[in-house]
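Participant: So that we are looking at the same thing, I have put the structure below in structure tokens.
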Amino acid sequence: MTTASHDNLSPHQDDFYDALMAAHTGLSETQSHALNARLVLLMANEIGDLAKLTALMRMARDYDDV
Amino acid sequence: MAYDYAPFPYTAPPGLAAPEPRHPVAIVGAGPIGLAMAIDLAQHGIASVVLDDNNVVSVGSRAICWAKRTLEIFDRLGVADRMMQKGVTWKIGRQFHGRDEVFAFDLLPEDGHRFPAFINLQQYYVEEYLVDRARAFPDLIDLRFLNKVTAHEDHNDHARLTVETPDGPYTLEADYLIACDGAGSPTRTRMGLDFTGQTFQEQFLIADIEMADSPFGDHATPERWFWFDPPFHPGKSALLHMQPDNIYRIDLQLDVDADGRAEATEEKVLPRIRAIVGDKPFRLDWMSVYKFRCIKLDRFVHGRVIFVGDSAHVVSPFGARGGNGGIQDIDNLGWKLAAVLQGQAPAALIESYHEERSFGSAENILNSARATNFMTPKTPVEALFRAEVLRLAHDHPFARRLLNSGRLSQPCSLAGMALQTPPEDPAPMTPGRAVADAPLTGPEGDTWLVRVLPAGFVLLGVGAVALPAIDGLARVGIAQTGDHPCFDDPGGFARARYGDGWAYLIRPDGHVCAAFRAPTEAAVRRALSRTRGNDLPEATA
Ligand SMILES: Cc1cc2nc3c(=O)[nH]c(=O)nc-3n(C[C@H](O)[C@H](O)[C@H](O)COP(=O)(O)OP(=O)(O)OC[C@H]3O[C@@H](n4cnc5c(N)ncnc54)[C@H](O)[C@@H]3O)c2cc1C
């Protein structure tokens with residue numbers, strides 16, 4: 001398992017998590033699903049680096065055997 | 001052994017026979033906050049009458065986690081040594097997902113502090129010690145048990161209270177009424193003040209068990225253990241703490257639609273505990289089922305009525321911010337009310353209690369609400385994110401920090417508020433912060449910074465800085481010499497925390513209110529006047 005090497009969220013991790021939950025407030029499951037997809041695309045654009053993005057996809061996908 | 005709830009004696013109050021002279025302060029409620037309030041005021045020379053409808057300490061352990069800052073305040077009030085002797089000291093919190101430990105936090109990773117990050121001690125002991133301490137001020141603290149306040153009126157320059165006793169009702173007057181009557185505050189209800197906020201639907205079972213073997217297994221050092229989805233309580237969360245007397249606190253999240261009354265029965269509780277401790281023998285000491293709320297009053301000061309502790313704000317217990325927050329309230333209010341009553345400060349200073357502690361309580365609510373939200377996802381998408389954070393937390397440090405089983409009580413910083421003088425240069429100790437402790441050596445041997453600060457305002461100098469002499473203002477030096485009390489800083493902790501060559505003006509509640517590189521008498525006097533409320537809008541000098 002590769003590890004995301006940096007913790008870029010702390011010390012504001014709770015503000016982030018709260019904002020993320022708030023972004024979903026009042027949405028149906030389908031709407032939330034769509035919001036997540038848009039968020040992934042927007043964040044991918046922020047990251048930009050294709051090698052990084054594919055590494056992240058692999059990292060996330062690795063969990064799917066559980 | 002179960003705690004012995006010895007009732008406090010009731011004596012017929014003088015007001016039943018003849019009108020009592022007006023009291024400076026009437027405190028409604030002898031919980032931890034009301035008692036601490038009375039002791040703090042007494043130490044400032046202010047007399048109070050404390051009225052409680054009950055005559056025993058807290059039934060059940062309730063608040064068990066007392067934070068470092070609270071212990072420093074309790075030390076000033078004269079009860080910390082007893083608390084330390086009896087309490088269980090801890091600083092590590094471990095978080096588990098299923099069977100696996102995923103993240104441990106250390107709440108006091110550095111040396112050089114008199115008090116630990118936390119002790120665990122049942123609220124009934126804390127109240128017992130506070131009552132004993134209050135009795136050391138027979139001329140200043142009038143404790144009245146079985147005195148239930150049933151009505152009050154604010155008469156602008158005083159409040160009038162009606163009190164029920166076993167011998168009938170009486171009335172008394174006080175310059176100020178301090179409502180320390182708890183989360184269900186009858187004073188607040190009587191005034192019709194809005195007290196609505198977030199109520200969590202989930203219920204939590206809180207149980208204290210006494211057992212000779214430890215449910216922590218071979219683990220010798222006391223810690224706080226929290227489980228997300230433990231094998232013994234699938235799909236929910238669980239919390240385990242150690243208390244004195246071989247008593248352990250178990251806290252289990254229940255279903256949203258659980259029947260609270262049925263859950264609080266031995267029939268339901270014993271199997272839940274056996275699932276955790278196995279076949280080791282134990283005795284059930286106390287249990288209760290709670291729903292938690294996170295709410296505060298908009299205003300803590302209403303004319304002659306001041307709300308302090310749970311009457312002003314309630315939080316969920318994850319983070320131990322209820323009792324600890326209330327103790328910071330009394331610490332903040334005591335010296336201000338004393339200064340106003342003694343004619344040394346304008347009445348506006350009391351408003352600053354609202355500014356400072358309403359802010360502190362909002363911070364406590366934010367943190368405890370977030371922890372409770374994390375523990376109790378409300379929608380499928382919240383549950384999904386929570387589940388994936390937990391999975392990622394096994395491998396990724398960033399996800400571990402997202403786990404939120406409670407962000408534990410920290411001293412509140414009052415930086416940027418009206419009583420604090422902003423420093424010219426950024427100071428190592430920002431005005432507004434509570435003093436940082438440090439080990440010192442003095443004429444009487446080893447001691448601590450938090451122990452050598454005299455009562456009242458103090459001008460503290462660290463290293464190469466000269467302290468002007470000002471009438472009525474105590475001075476303390478560290479790593480310097482002078483005609484004031486001076487202490488060495490052998491480990492360099494004080495200089496590391498305060499900077500070498502800095503002076504600080506410290507309020508009676510131990511918060512820094514000004515910092516100076518080269519303090520002049522005029523600059524110190526200006527800061528002192530500001531912190532006594534003379535620059536506040538309604539202050540008429
Ligand atoms: C399960 C649980 C766990 C907790 N854990 C922690 C923890 O670990 N750390 C922490 O810091 N906090 C904790 N808390 C919170 C803590 O218990 C409260 O914040 C604390 O008790 C508040 O103290 P108080 O004096 O303001 O109110 P209370 O303790 O509620 O005292 C109010 C007093 O007012 C009296 N009273 C009420 N009405 C009247 C009246 N009309 N006339 C006269 N007297 C009256 C009552 O009899 C009572 O004695 C916990 C709470 C719970 C329930």
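Chain labels follow the order of the structure tokens: the first chain is A, the next B, and so on; residue numbering restarts at 1 in every chain, and ligands are counted from 1 in their shown order.
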Please return as an MDAnalysis selection string: the residues of chain A that backbone DSSP assigns to alpha helix (DSSP H).

Facilitator: chainID A and resid 13:24 29:47 50:61

Participant: With a cut-off of 10 Å and counting only C-alpha atoms, select all residues of chain B in contact with chain A and give the selection as number ranges by chain.

Facilitator: B: 366-367, 370-371, 373-374, 377-382, 385-386, 388, 391-392, 395-404, 407

Participant: Taking only C-alpha atoms and all ligand atoms into account, report as a PyMOL selection string which residues have an atom no farther than 7 Å from an atom of ligand 1.

Facilitator: chain B and resi 28-34+51-54+58+62-66+147-150+180-183+185-186+206+308-311+314+317+320-326

Participant: Rounded to one decimal in Å, what is the spacing between CA of Lys280 (chain B) and CA of Pro215 (chain B)?

Facilitator: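 Separating CA of Lys280 (chain B) from CA of Pro215 (chain B) is a distance of 8.7 Å.
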
Participant: Provide the CA of Gly93 (chain B) to CA of Pro109 (chain B) distance in Å, to one decimal place.

Facilitator: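 A separation of 12.1 Å between them.
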
Participant: In Å, with one decimal, what is the gap from CA of Leu390 (chain B) to CA of Tyr290 (chain B)?

Facilitator: 25.6 Å

Participant: Can you tell me which residues surround Arg274 (chain B) at a distance of at most 12 Å, considering only C-alpha atoms, apart from same-chain residues fewer than 6 positions away, and format the answer as a VMD selection string?

Facilitator: chain B and resid 209 211 215 232 to 233 250 266 to 268 280 to 284
